[in-house]
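What follows is the content of target-v3.cif (mmCIF, C-alpha atoms).
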```cif
data_protein
#
loop_
_atom_site.label_atom_id
_atom_site.label_comp_id
_atom_site.auth_asym_id
_atom_site.auth_seq_id
_atom_site.Cartn_x
_atom_site.Cartn_y
_atom_site.Cartn_z
CA MET A 18 3.69 25.52 -1.22
CA LYS A 19 0.44 24.85 -3.05
CA ALA A 20 -2.30 22.46 -1.96
CA HIS A 21 -5.47 21.54 -3.81
CA THR A 22 -8.23 19.07 -2.94
CA ALA A 23 -10.98 17.57 -5.07
CA TYR A 24 -13.61 14.93 -4.38
CA LEU A 25 -14.45 12.63 -7.31
CA LYS A 26 -17.91 11.08 -7.28
CA PHE A 27 -18.92 7.76 -8.85
CA HIS A 28 -22.09 5.78 -9.06
CA THR A 29 -21.21 2.13 -9.60
CA ASP A 30 -24.00 0.08 -11.18
CA LYS A 31 -22.60 -3.31 -10.21
CA ARG A 32 -21.59 -4.49 -6.78
CA ILE A 33 -18.06 -5.27 -7.99
CA GLU A 34 -16.77 -2.74 -10.49
CA PHE A 35 -13.38 -1.46 -11.72
CA VAL A 36 -13.26 2.16 -12.95
CA ASN A 37 -10.24 3.74 -14.67
CA ILE A 38 -9.93 7.20 -13.05
CA THR A 39 -6.59 8.28 -14.54
CA LYS A 40 -8.13 11.10 -16.63
CA GLU A 41 -10.09 12.48 -13.65
CA VAL A 42 -6.95 12.54 -11.50
CA GLU A 43 -5.01 14.22 -14.34
CA ARG A 44 -7.67 16.92 -14.54
CA VAL A 45 -7.35 17.62 -10.78
CA VAL A 46 -3.55 17.82 -11.12
CA GLN A 47 -3.96 20.44 -13.88
CA GLU A 48 -6.50 22.41 -11.80
CA SER A 49 -4.06 22.47 -8.88
CA GLY A 50 -1.37 24.42 -10.73
CA VAL A 51 1.25 22.21 -9.03
CA THR A 52 4.20 21.48 -11.34
CA ASP A 53 6.34 19.40 -8.95
CA GLY A 54 4.88 17.42 -6.07
CA LEU A 55 2.74 14.51 -4.91
CA CYS A 56 -0.92 13.62 -5.39
CA LEU A 57 -2.71 11.35 -2.92
CA VAL A 58 -5.66 9.37 -4.31
CA ASN A 59 -7.67 7.92 -1.43
CA PRO A 60 -11.06 6.17 -1.50
CA MET A 61 -13.35 7.56 1.23
CA HIS A 62 -14.87 4.09 1.65
CA ILE A 63 -13.53 0.94 3.25
CA THR A 64 -14.83 -1.59 0.74
CA ALA A 65 -12.90 -0.10 -2.18
CA ALA A 66 -9.29 -0.04 -3.38
CA ILE A 67 -7.34 2.51 -5.39
CA TYR A 68 -4.53 0.78 -7.27
CA VAL A 69 -2.23 1.28 -10.25
CA ASN A 70 -1.94 -1.34 -12.97
CA ASP A 71 -2.60 -1.98 -16.64
CA ALA A 72 -5.90 -1.05 -18.35
CA GLU A 73 -6.40 -4.55 -19.77
CA SER A 74 -9.72 -6.32 -19.20
CA GLY A 75 -8.13 -9.76 -18.79
CA ILE A 76 -6.08 -8.56 -15.81
CA ILE A 77 -9.24 -7.24 -14.17
CA GLU A 78 -10.87 -10.68 -14.59
CA ASP A 79 -7.73 -12.24 -13.09
CA TYR A 80 -7.97 -9.91 -10.07
CA LYS A 81 -11.62 -10.85 -9.48
CA GLU A 82 -10.84 -14.58 -9.72
CA LEU A 83 -7.86 -14.29 -7.36
CA LEU A 84 -9.83 -12.33 -4.76
CA GLU A 85 -12.75 -14.77 -4.96
CA LYS A 86 -10.32 -17.69 -4.50
CA LEU A 87 -8.54 -16.14 -1.51
CA ALA A 88 -11.66 -14.75 0.24
CA PRO A 89 -14.93 -16.07 -1.24
CA TYR A 90 -17.68 -13.44 -1.41
CA LYS A 91 -20.43 -15.75 -0.14
CA HIS A 92 -18.56 -16.98 2.96
CA GLU A 93 -20.18 -16.33 6.36
CA TYR A 94 -17.83 -13.70 7.78
CA HIS A 95 -17.83 -12.57 11.43
CA HIS A 96 -18.66 -9.08 10.16
CA HIS A 97 -22.04 -10.41 8.96
CA GLN A 98 -23.21 -10.75 12.57
CA THR A 99 -23.72 -6.96 12.42
CA GLY A 100 -26.34 -7.44 9.70
CA GLU A 101 -23.93 -6.54 6.87
CA ASP A 102 -23.18 -8.94 4.00
CA ASN A 103 -20.03 -7.26 2.61
CA GLY A 104 -17.30 -8.91 4.73
CA ALA A 105 -15.35 -10.02 1.66
CA ALA A 106 -15.23 -6.42 0.39
CA HIS A 107 -13.32 -5.35 3.55
CA LEU A 108 -10.82 -8.17 2.96
CA TRP A 109 -10.42 -7.61 -0.77
CA ARG A 110 -9.61 -3.93 -0.28
CA GLN A 111 -6.64 -4.85 1.95
CA LEU A 112 -5.35 -7.51 -0.48
CA MET A 113 -5.60 -5.24 -3.57
CA GLY A 114 -4.16 -2.13 -1.91
CA HIS A 115 -5.85 0.85 -0.31
CA GLN A 116 -4.58 4.11 -1.82
CA VAL A 117 -1.88 5.44 -4.12
CA THR A 118 0.41 8.46 -4.16
CA VAL A 119 1.09 9.74 -7.66
CA PRO A 120 4.23 11.73 -8.56
CA ILE A 121 3.80 15.03 -10.44
CA THR A 122 6.64 16.41 -12.60
CA ASP A 123 6.37 19.33 -15.06
CA GLY A 124 2.67 19.67 -14.15
CA LYS A 125 1.80 16.12 -15.21
CA ILE A 126 1.44 12.65 -13.68
CA ASP A 127 4.95 11.15 -13.93
CA PHE A 128 4.08 7.56 -14.81
CA GLY A 129 5.63 4.71 -16.78
CA THR A 130 4.00 3.64 -20.06
CA TRP A 131 1.42 1.24 -18.61
CA GLU A 132 0.57 2.77 -15.24
CA GLN A 133 -3.14 3.60 -14.93
CA ILE A 134 -5.12 4.49 -11.78
CA PHE A 135 -8.14 2.35 -10.94
CA TYR A 136 -10.97 2.63 -8.44
CA ALA A 137 -12.03 -0.91 -7.57
CA GLU A 138 -15.37 -1.04 -5.79
CA PHE A 139 -16.27 -4.28 -3.99
CA ASP A 140 -19.63 -3.21 -2.49
CA GLY A 141 -21.11 -0.74 -4.92
CA GLN A 142 -24.50 0.23 -6.31
CA ARG A 143 -24.28 3.45 -4.34
CA THR A 144 -22.60 6.84 -4.84
CA LYS A 145 -18.95 6.70 -3.78
CA ARG A 146 -16.29 9.38 -3.24
CA VAL A 147 -12.55 9.52 -3.87
CA LEU A 148 -10.39 12.26 -2.35
CA VAL A 149 -7.61 13.65 -4.54
CA LYS A 150 -5.12 15.95 -2.78
CA VAL A 151 -2.24 17.59 -4.63
CA ILE A 152 0.64 19.25 -2.77
CA GLY A 153 3.81 20.73 -4.19
CA LYS A 154 5.19 23.83 -5.82
CA MET B 3 9.53 24.02 -0.51
CA LYS B 4 12.08 21.82 -2.27
CA ALA B 5 11.35 19.04 -4.74
CA HIS B 6 13.81 16.66 -6.36
CA THR B 7 13.25 13.72 -8.72
CA ALA B 8 15.54 10.90 -9.75
CA TYR B 9 15.00 7.79 -11.88
CA LEU B 10 16.87 4.66 -10.76
CA LYS B 11 17.61 2.10 -13.46
CA PHE B 12 18.05 -1.65 -12.99
CA HIS B 13 18.72 -4.56 -15.24
CA THR B 14 17.39 -7.73 -13.62
CA ASP B 15 19.02 -10.92 -14.87
CA LYS B 16 16.32 -13.25 -13.59
CA ARG B 17 12.61 -13.07 -14.22
CA ILE B 18 11.87 -12.92 -10.49
CA GLU B 19 14.40 -10.87 -8.56
CA PHE B 20 14.54 -8.90 -5.30
CA VAL B 21 16.93 -5.91 -5.19
CA ASN B 22 17.74 -3.93 -2.02
CA ILE B 23 17.63 -0.26 -3.15
CA THR B 24 17.95 1.43 0.26
CA LYS B 25 21.39 2.91 -0.49
CA GLU B 26 20.27 4.30 -3.87
CA VAL B 27 17.22 5.97 -2.26
CA GLU B 28 19.44 7.39 0.51
CA ARG B 29 21.74 8.88 -2.11
CA VAL B 30 18.78 10.62 -3.82
CA VAL B 31 17.61 11.99 -0.46
CA GLN B 32 21.07 13.48 0.13
CA GLU B 33 21.18 14.98 -3.39
CA SER B 34 17.78 16.62 -2.79
CA GLY B 35 18.99 18.78 0.10
CA VAL B 36 15.64 18.12 1.84
CA THR B 37 16.07 17.84 5.62
CA ASP B 38 12.43 17.28 6.60
CA GLY B 39 9.86 15.77 4.25
CA LEU B 40 8.62 12.74 2.35
CA CYS B 41 10.16 10.58 -0.37
CA LEU B 42 7.96 8.59 -2.74
CA VAL B 43 9.53 5.44 -4.23
CA ASN B 44 7.41 4.24 -7.14
CA PRO B 45 8.15 1.49 -9.70
CA MET B 46 7.38 2.71 -13.23
CA HIS B 47 6.29 -0.84 -14.15
CA ILE B 48 3.18 -2.81 -13.27
CA THR B 49 4.79 -6.20 -12.72
CA ALA B 50 7.01 -4.99 -9.87
CA ALA B 51 6.54 -4.03 -6.21
CA ILE B 52 8.41 -1.61 -3.98
CA TYR B 53 8.15 -2.74 -0.37
CA VAL B 54 9.87 -2.29 3.00
CA ASN B 55 10.97 -5.30 5.05
CA ASP B 56 14.02 -7.09 6.43
CA ALA B 57 17.13 -7.78 4.29
CA GLU B 58 17.14 -11.51 5.18
CA SER B 59 17.33 -14.04 2.37
CA GLY B 60 14.99 -16.54 4.07
CA ILE B 61 12.17 -13.97 4.15
CA ILE B 62 12.61 -13.39 0.42
CA GLU B 63 12.27 -17.15 -0.19
CA ASP B 64 9.15 -17.13 2.00
CA TYR B 65 7.65 -14.29 -0.09
CA LYS B 66 8.28 -16.21 -3.34
CA GLU B 67 6.70 -19.39 -1.93
CA LEU B 68 3.65 -17.49 -0.62
CA LEU B 69 3.06 -15.69 -3.92
CA GLU B 70 3.46 -18.93 -5.89
CA LYS B 71 0.96 -20.64 -3.56
CA LEU B 72 -1.63 -17.84 -3.79
CA ALA B 73 -1.27 -17.18 -7.56
CA PRO B 74 0.79 -19.86 -9.39
CA TYR B 75 3.08 -18.43 -12.06
CA LYS B 76 2.24 -21.13 -14.68
CA HIS B 77 -1.56 -20.76 -14.42
CA GLU B 78 -3.45 -19.81 -17.59
CA TYR B 79 -4.55 -16.27 -16.74
CA HIS B 80 -7.11 -14.29 -18.76
CA HIS B 81 -4.35 -11.75 -19.42
CA HIS B 82 -2.50 -14.38 -21.46
CA GLN B 83 -5.15 -14.13 -24.20
CA THR B 84 -3.34 -10.91 -25.20
CA GLY B 85 -0.21 -12.95 -25.99
CA GLU B 86 1.50 -12.08 -22.68
CA ASP B 87 2.61 -14.76 -20.21
CA ASN B 88 3.13 -12.58 -17.11
CA GLY B 89 -0.37 -12.58 -15.58
CA ALA B 90 0.93 -13.75 -12.20
CA ALA B 91 3.35 -10.79 -12.08
CA HIS B 92 0.39 -8.35 -12.19
CA LEU B 93 -1.26 -10.22 -9.31
CA TRP B 94 1.88 -10.58 -7.20
CA ARG B 95 2.58 -6.85 -7.37
CA GLN B 96 -0.81 -6.08 -5.80
CA LEU B 97 -0.38 -8.70 -3.05
CA MET B 98 3.16 -7.56 -2.10
CA GLY B 99 2.43 -3.83 -2.22
CA HIS B 100 2.96 -1.27 -4.94
CA GLN B 101 4.97 1.70 -3.67
CA VAL B 102 6.29 3.20 -0.44
CA THR B 103 6.58 6.68 1.01
CA VAL B 104 9.69 7.14 3.12
CA PRO B 105 9.94 9.75 5.92
CA ILE B 106 12.98 12.09 5.93
CA THR B 107 14.15 13.72 9.17
CA ASP B 108 17.42 15.63 9.69
CA GLY B 109 18.30 14.95 6.04
CA LYS B 110 18.13 11.16 6.41
CA ILE B 111 15.68 8.31 5.93
CA ASP B 112 13.86 8.04 9.28
CA PHE B 113 13.54 4.27 9.58
CA GLY B 114 13.41 1.70 12.37
CA THR B 115 16.36 -0.70 12.78
CA TRP B 116 15.28 -3.34 10.29
CA GLU B 117 13.43 -1.35 7.62
CA GLN B 118 15.03 -1.75 4.17
CA ILE B 119 13.56 -0.76 0.77
CA PHE B 120 13.26 -3.50 -1.86
CA TYR B 121 12.45 -3.51 -5.56
CA ALA B 122 10.77 -6.85 -6.30
CA GLU B 123 10.63 -7.61 -10.01
CA PHE B 124 8.23 -10.36 -11.12
CA ASP B 125 8.78 -10.12 -14.91
CA GLY B 126 12.37 -9.03 -15.39
CA GLN B 127 15.27 -9.65 -17.73
CA ARG B 128 14.80 -6.13 -19.07
CA THR B 129 15.87 -2.64 -17.96
CA LYS B 130 13.45 -1.25 -15.37
CA ARG B 131 12.98 2.19 -13.81
CA VAL B 132 12.03 3.41 -10.33
CA LEU B 133 10.97 7.01 -9.72
CA VAL B 134 12.19 8.61 -6.48
CA LYS B 135 10.64 11.98 -5.62
CA VAL B 136 11.61 13.94 -2.54
CA ILE B 137 9.57 16.91 -1.30
CA GLY B 138 10.04 18.90 1.85
CA LYS B 139 12.04 21.76 3.31
CA MET C 25 5.98 24.75 4.33
CA LYS C 26 5.52 23.16 7.75
CA ALA C 27 6.78 19.74 8.81
CA HIS C 28 6.18 17.98 12.13
CA THR C 29 7.20 14.51 13.30
CA ALA C 30 6.02 12.44 16.25
CA TYR C 31 6.78 8.89 17.38
CA LEU C 32 3.87 6.99 18.93
CA LYS C 33 4.79 4.20 21.36
CA PHE C 34 2.74 1.08 22.11
CA HIS C 35 3.21 -1.93 24.28
CA THR C 36 1.17 -4.80 22.86
CA ASP C 37 0.28 -7.48 25.41
CA LYS C 38 -0.61 -10.14 22.87
CA ARG C 39 1.51 -11.39 19.99
CA ILE C 40 -1.23 -10.50 17.48
CA GLU C 41 -3.05 -7.29 18.34
CA PHE C 42 -5.01 -4.61 16.50
CA VAL C 43 -4.91 -1.08 17.97
CA ASN C 44 -7.07 1.82 16.76
CA ILE C 45 -4.66 4.80 16.62
CA THR C 46 -6.93 7.34 14.89
CA LYS C 47 -7.13 9.63 17.94
CA GLU C 48 -3.33 9.61 18.44
CA VAL C 49 -2.78 10.54 14.79
CA GLU C 50 -5.42 13.29 15.05
CA ARG C 51 -3.60 14.72 18.06
CA VAL C 52 -0.30 14.85 16.10
CA VAL C 53 -2.07 16.59 13.20
CA GLN C 54 -3.38 19.25 15.61
CA GLU C 55 0.08 19.73 17.20
CA SER C 56 1.59 20.22 13.73
CA GLY C 57 -0.42 23.36 12.96
CA VAL C 58 -0.78 22.10 9.36
CA THR C 59 -4.16 22.98 7.89
CA ASP C 60 -3.72 21.53 4.38
CA GLY C 61 -1.33 18.68 3.62
CA LEU C 62 -0.44 15.02 4.03
CA CYS C 63 0.34 12.86 7.06
CA LEU C 64 2.39 9.69 6.70
CA VAL C 65 1.75 6.98 9.30
CA ASN C 66 4.55 4.40 9.15
CA PRO C 67 5.27 1.49 11.52
CA MET C 68 8.99 1.40 12.41
CA HIS C 69 8.80 -2.41 12.55
CA ILE C 70 8.58 -4.99 9.81
CA THR C 71 6.12 -7.38 11.46
CA ALA C 72 3.35 -4.79 11.71
CA ALA C 73 0.89 -3.11 9.34
CA ILE C 74 -0.75 0.30 9.41
CA TYR C 75 -4.08 0.14 7.58
CA VAL C 76 -7.38 2.01 7.29
CA ASN C 77 -10.69 0.20 7.71
CA ASP C 78 -13.77 -0.03 9.92
CA ALA C 79 -13.55 -0.18 13.73
CA GLU C 80 -15.74 -3.30 13.94
CA SER C 81 -14.49 -6.31 15.92
CA GLY C 82 -15.93 -8.87 13.49
CA ILE C 83 -13.83 -7.47 10.63
CA ILE C 84 -10.70 -7.80 12.77
CA GLU C 85 -11.56 -11.48 13.41
CA ASP C 86 -12.08 -11.92 9.66
CA TYR C 87 -8.63 -10.40 8.95
CA LYS C 88 -6.96 -12.78 11.43
CA GLU C 89 -8.73 -15.80 9.91
CA LEU C 90 -7.84 -14.77 6.35
CA LEU C 91 -4.17 -14.20 7.19
CA GLU C 92 -3.96 -17.53 9.07
CA LYS C 93 -5.55 -19.29 6.07
CA LEU C 94 -3.20 -17.69 3.51
CA ALA C 95 0.00 -17.96 5.57
CA PRO C 96 -0.37 -20.19 8.67
CA TYR C 97 1.49 -18.85 11.71
CA LYS C 98 2.92 -22.25 12.76
CA HIS C 99 4.39 -23.13 9.33
CA GLU C 100 8.15 -23.73 9.16
CA TYR C 101 9.28 -20.69 7.18
CA HIS C 102 12.76 -20.28 5.68
CA HIS C 103 13.19 -17.25 7.93
CA HIS C 104 13.09 -19.56 10.96
CA GLN C 105 16.52 -20.95 10.03
CA THR C 106 17.87 -17.69 11.53
CA GLY C 107 16.45 -18.71 14.93
CA GLU C 108 13.37 -16.46 14.58
CA ASP C 109 9.82 -17.85 14.76
CA ASN C 110 7.93 -14.88 13.31
CA GLY C 111 8.07 -15.64 9.55
CA ALA C 112 4.30 -15.37 9.18
CA ALA C 113 4.37 -11.84 10.66
CA HIS C 114 6.64 -10.66 7.80
CA LEU C 115 4.18 -12.12 5.28
CA TRP C 116 1.03 -10.85 6.97
CA ARG C 117 2.35 -7.27 7.03
CA GLN C 118 2.73 -7.31 3.24
CA LEU C 119 -0.75 -8.79 2.65
CA MET C 120 -2.51 -6.32 5.01
CA GLY C 121 -0.65 -3.23 3.82
CA HIS C 122 2.39 -1.48 5.20
CA GLN C 123 1.67 2.22 5.78
CA VAL C 124 -0.92 4.87 5.05
CA THR C 125 -0.89 8.51 3.98
CA VAL C 126 -3.71 10.52 5.49
CA PRO C 127 -5.09 13.71 3.89
CA ILE C 128 -5.42 16.84 6.06
CA THR C 129 -7.94 19.55 5.16
CA ASP C 130 -8.94 22.51 7.38
CA GLY C 131 -6.56 21.22 10.06
CA LYS C 132 -8.29 17.84 10.36
CA ILE C 133 -8.00 14.31 8.98
CA ASP C 134 -10.14 14.36 5.82
CA PHE C 135 -11.73 10.92 6.03
CA GLY C 136 -14.99 9.30 4.97
CA THR C 137 -17.45 8.22 7.66
CA TRP C 138 -16.00 4.80 8.43
CA GLU C 139 -12.27 5.28 7.85
CA GLN C 140 -10.21 4.52 10.98
CA ILE C 141 -6.43 4.03 11.28
CA PHE C 142 -5.21 0.75 12.80
CA TYR C 143 -1.85 -0.51 13.95
CA ALA C 144 -1.86 -4.29 13.45
CA GLU C 145 0.97 -6.00 15.30
CA PHE C 146 1.78 -9.58 14.28
CA ASP C 147 4.77 -10.20 16.58
CA GLY C 148 4.13 -8.11 19.67
CA GLN C 149 4.64 -8.34 23.43
CA ARG C 150 7.32 -5.68 23.09
CA THR C 151 7.35 -1.87 22.88
CA LYS C 152 6.72 -0.73 19.30
CA ARG C 153 6.99 2.65 17.55
CA VAL C 154 4.98 4.35 14.81
CA LEU C 155 6.32 7.41 12.99
CA VAL C 156 3.78 10.13 12.16
CA LYS C 157 5.04 12.89 9.83
CA VAL C 158 2.85 15.81 8.80
CA ILE C 159 3.81 18.13 5.94
CA GLY C 160 1.80 20.95 4.44
CA LYS C 161 0.91 24.57 4.93
#
```
Represent the supplied structure as structure tokens.
Amino acid sequence: MKAHTAYLKFHTDKRIEFVNITKEVERVVQESGVTDGLCLVNPMHITAAIYVNDAESGIIEDYKELLEKLAPYKHEYHHHQTGEDNGAAHLWRQLMGHQVTVPITDGKIDFGTWEQIFYAEFDGQRTKRVLVKVIGK
Amino acid sequence: MKAHTAYLKFHTDKRIEFVNITKEVERVVQESGVTDGLCLVNPMHITAAIYVNDAESGIIEDYKELLEKLAPYKHEYHHHQTGEDNGAAHLWRQLMGHQVTVPITDGKIDFGTWEQIFYAEFDGQRTKRVLVKVIGK
Amino acid sequence: MKAHTAYLKFHTDKRIEFVNITKEVERVVQESGVTDGLCLVNPMHITAAIYVNDAESGIIEDYKELLEKLAPYKHEYHHHQTGEDNGAAHLWRQLMGHQVTVPITDGKIDFGTWEQIFYAEFDGQRTKRVLVKVIGK
């Protein structure tokens, strides 16, 4: 059994930002030498989501509008009594999804036509890390 | 280490349809010969969700009503500027959950009493594929 | 390849209860002897969520308020025609997330600073089980 771990680093300029990381994950899969297995993609932060969907800018706008409708960013959350102002980011990450596990077949990500991996940051403007762990044979 | 991959195919007659795929996943687990490991069940489409919950028709109606309340299907989404009309399906898939990883013990799916695996299609009436990958020993 | 499975047991006193299970999962990882791999944490019930976020009580209050706003607990759900009264719990589990896969590196959970694993029960006051399966080398 092989196992390989990499830590991707991002600096997001905006507080809310969606980054397509499919190519970075593909590179880690190739580095790993795994031809058949699974690849976990996990944000090391709790105000961010890793999700799989289409790389179409309209969908990303639709996600932002939905999240803002369901859990407005400016609302006075209980979490803000700690001095933080990112309560919505903790809620949005749960609604959008937390992490994904990517299948690897013949040494490549085994995806359908439109599947792309995104890092969605909801409290950015800092350096953020994503763990990518590949296991398999 | 063993690894085995199968691609389930469905044709959904309705645009929104919930299909219980537990038996199909169980069959793939048996084919794999894996007695202890993990099984990823991943839709190869971005308008569908794989989730685990009860096989009770009322719950499925409740899911449809909740999703329609949170993100109405007929709304004019940004995504529709591309010519598509399935914006809600991309949102619903994130809210319901994307994929599941199923534990395998003693060669079987290691589930609690009521856990069943569903494929929820939100933009159907076409042939759709689900990847099932089993790894373990 | 190594594989190890444990079943955590909880008795939740309240119907809605959030339990930090990070230490219990860490203990199972140590028992497994796996130094590099993945650990699935899966609730064996369909009215509960396993999720990763901050161990801060205000955030937990914010989650409860969001879930109650999106899917009120007292609503008359279709599922209640079966005699059950826990329809909201089946909805909340999908919105919060179902299960998590935890990376293991150097024999330990490979988390960012604030990542903690929670069991969120939405229909408790009974004994509940969580499956923890570790695979790796």
Counting only C-alpha atoms, collect the residues of chain C whose closest atom lies at most 9 Å from chain A, and write them out as a PyMOL selection string.
chain C and resi 25+60-62+75-78+80-87+90+93-94+118-121+124-129+134-139+160-161
Return chain A as a compact mmCIF listing (two decimals) with C-alpha atoms, keeping the file's coordinate frame, after superposing it on chain B by a least-squares fit that covers all C-alpha atoms paired in order.
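Result file is superposed_12.txt:
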```txt
# COMPACT_ATOMS: atom_id res chain seq x y z
CA MET A 18 9.51 23.99 -0.53
CA LYS A 19 12.08 21.82 -2.27
CA ALA A 20 11.36 19.03 -4.74
CA HIS A 21 13.81 16.65 -6.36
CA THR A 22 13.25 13.72 -8.73
CA ALA A 23 15.54 10.88 -9.75
CA TYR A 24 15.00 7.80 -11.89
CA LEU A 25 16.86 4.66 -10.76
CA LYS A 26 17.63 2.11 -13.46
CA PHE A 27 18.04 -1.64 -12.98
CA HIS A 28 18.72 -4.55 -15.24
CA THR A 29 17.38 -7.70 -13.61
CA ASP A 30 19.01 -10.91 -14.85
CA LYS A 31 16.31 -13.25 -13.57
CA ARG A 32 12.61 -13.07 -14.23
CA ILE A 33 11.87 -12.91 -10.49
CA GLU A 34 14.40 -10.86 -8.57
CA PHE A 35 14.54 -8.90 -5.29
CA VAL A 36 16.92 -5.91 -5.18
CA ASN A 37 17.74 -3.93 -2.02
CA ILE A 38 17.63 -0.26 -3.14
CA THR A 39 17.92 1.43 0.26
CA LYS A 40 21.38 2.91 -0.48
CA GLU A 41 20.26 4.30 -3.87
CA VAL A 42 17.23 5.97 -2.28
CA GLU A 43 19.45 7.39 0.51
CA ARG A 44 21.75 8.89 -2.11
CA VAL A 45 18.79 10.62 -3.83
CA VAL A 46 17.61 11.98 -0.46
CA GLN A 47 21.08 13.48 0.13
CA GLU A 48 21.17 14.97 -3.40
CA SER A 49 17.79 16.61 -2.79
CA GLY A 50 18.99 18.78 0.09
CA VAL A 51 15.65 18.11 1.84
CA THR A 52 16.07 17.82 5.63
CA ASP A 53 12.42 17.29 6.60
CA GLY A 54 9.86 15.78 4.26
CA LEU A 55 8.63 12.74 2.35
CA CYS A 56 10.16 10.58 -0.38
CA LEU A 57 7.96 8.59 -2.75
CA VAL A 58 9.53 5.44 -4.23
CA ASN A 59 7.40 4.23 -7.14
CA PRO A 60 8.15 1.49 -9.69
CA MET A 61 7.37 2.71 -13.23
CA HIS A 62 6.29 -0.83 -14.15
CA ILE A 63 3.19 -2.80 -13.28
CA THR A 64 4.79 -6.19 -12.71
CA ALA A 65 7.00 -4.97 -9.87
CA ALA A 66 6.55 -4.03 -6.21
CA ILE A 67 8.42 -1.61 -3.97
CA TYR A 68 8.15 -2.73 -0.36
CA VAL A 69 9.87 -2.31 3.00
CA ASN A 70 10.97 -5.30 5.04
CA ASP A 71 14.01 -7.07 6.42
CA ALA A 72 17.13 -7.79 4.31
CA GLU A 73 17.13 -11.50 5.18
CA SER A 74 17.32 -14.06 2.37
CA GLY A 75 14.98 -16.53 4.09
CA ILE A 76 12.16 -13.97 4.15
CA ILE A 77 12.61 -13.39 0.42
CA GLU A 78 12.27 -17.16 -0.18
CA ASP A 79 9.14 -17.12 2.01
CA TYR A 80 7.66 -14.30 -0.09
CA LYS A 81 8.29 -16.21 -3.34
CA GLU A 82 6.71 -19.38 -1.93
CA LEU A 83 3.67 -17.50 -0.62
CA LEU A 84 3.09 -15.70 -3.92
CA GLU A 85 3.48 -18.93 -5.89
CA LYS A 86 0.97 -20.64 -3.57
CA LEU A 87 -1.61 -17.85 -3.80
CA ALA A 88 -1.24 -17.17 -7.56
CA PRO A 89 0.79 -19.85 -9.38
CA TYR A 90 3.08 -18.43 -12.08
CA LYS A 91 2.24 -21.10 -14.66
CA HIS A 92 -1.56 -20.77 -14.41
CA GLU A 93 -3.45 -19.82 -17.59
CA TYR A 94 -4.55 -16.28 -16.74
CA HIS A 95 -7.12 -14.29 -18.75
CA HIS A 96 -4.36 -11.74 -19.41
CA HIS A 97 -2.52 -14.39 -21.46
CA GLN A 98 -5.16 -14.13 -24.20
CA THR A 99 -3.34 -10.92 -25.20
CA GLY A 100 -0.22 -12.95 -25.99
CA GLU A 101 1.49 -12.08 -22.68
CA ASP A 102 2.61 -14.76 -20.21
CA ASN A 103 3.14 -12.56 -17.12
CA GLY A 104 -0.37 -12.58 -15.58
CA ALA A 105 0.94 -13.75 -12.20
CA ALA A 106 3.35 -10.79 -12.07
CA HIS A 107 0.39 -8.34 -12.20
CA LEU A 108 -1.25 -10.21 -9.31
CA TRP A 109 1.89 -10.56 -7.20
CA ARG A 110 2.60 -6.84 -7.37
CA GLN A 111 -0.81 -6.08 -5.80
CA LEU A 112 -0.37 -8.70 -3.05
CA MET A 113 3.17 -7.56 -2.10
CA GLY A 114 2.43 -3.82 -2.23
CA HIS A 115 2.97 -1.27 -4.96
CA GLN A 116 4.98 1.71 -3.67
CA VAL A 117 6.30 3.20 -0.45
CA THR A 118 6.58 6.69 1.01
CA VAL A 119 9.70 7.14 3.12
CA PRO A 120 9.95 9.75 5.90
CA ILE A 121 12.97 12.09 5.92
CA THR A 122 14.14 13.72 9.18
CA ASP A 123 17.42 15.61 9.69
CA GLY A 124 18.31 14.93 6.03
CA LYS A 125 18.14 11.15 6.41
CA ILE A 126 15.67 8.29 5.93
CA ASP A 127 13.86 8.04 9.29
CA PHE A 128 13.53 4.27 9.59
CA GLY A 129 13.41 1.69 12.37
CA THR A 130 16.36 -0.69 12.79
CA TRP A 131 15.27 -3.34 10.28
CA GLU A 132 13.43 -1.35 7.62
CA GLN A 133 15.01 -1.75 4.17
CA ILE A 134 13.56 -0.77 0.77
CA PHE A 135 13.26 -3.49 -1.86
CA TYR A 136 12.46 -3.52 -5.56
CA ALA A 137 10.78 -6.85 -6.30
CA GLU A 138 10.62 -7.61 -10.01
CA PHE A 139 8.23 -10.36 -11.13
CA ASP A 140 8.77 -10.12 -14.91
CA GLY A 141 12.35 -9.02 -15.38
CA GLN A 142 15.25 -9.64 -17.73
CA ARG A 143 14.80 -6.14 -19.06
CA THR A 144 15.86 -2.64 -17.95
CA LYS A 145 13.45 -1.27 -15.35
CA ARG A 146 12.97 2.19 -13.81
CA VAL A 147 12.03 3.40 -10.34
CA LEU A 148 10.97 7.00 -9.72
CA VAL A 149 12.19 8.60 -6.49
CA LYS A 150 10.63 11.98 -5.64
CA VAL A 151 11.63 13.93 -2.54
CA ILE A 152 9.57 16.89 -1.30
CA GLY A 153 10.04 18.91 1.86
CA LYS A 154 12.04 21.74 3.32
```
Just to confirm, what's the straight-line distance from CA of Leu10 in chain B to CA of Ile52 in chain B in Å (one decimal)?
12.5 Å
Separation of CA of Ala122 in chain B and CA of Ile141 in chain C, in Å?
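Computing the Euclidean distance for CA of Ala122 in chain B and CA of Ile141 in chain C yields 26.9 Å.
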Running the PyMOL selection byres ((chain B and resi 126) around 8) on this model by hand, what would come out? Give it as a VMD selection string.
chain B and resid 13 to 19 123 to 125 127 to 130
Between C:Lys47, C:Gly107, C:Val58, C:Ala113, which is the closest to Ala72 in chain C once you count all atoms listed in the file?
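Nearest candidate to Ala72 in chain C out of C:Lys47, C:Gly107, C:Val58, C:Ala113: C:Ala113.
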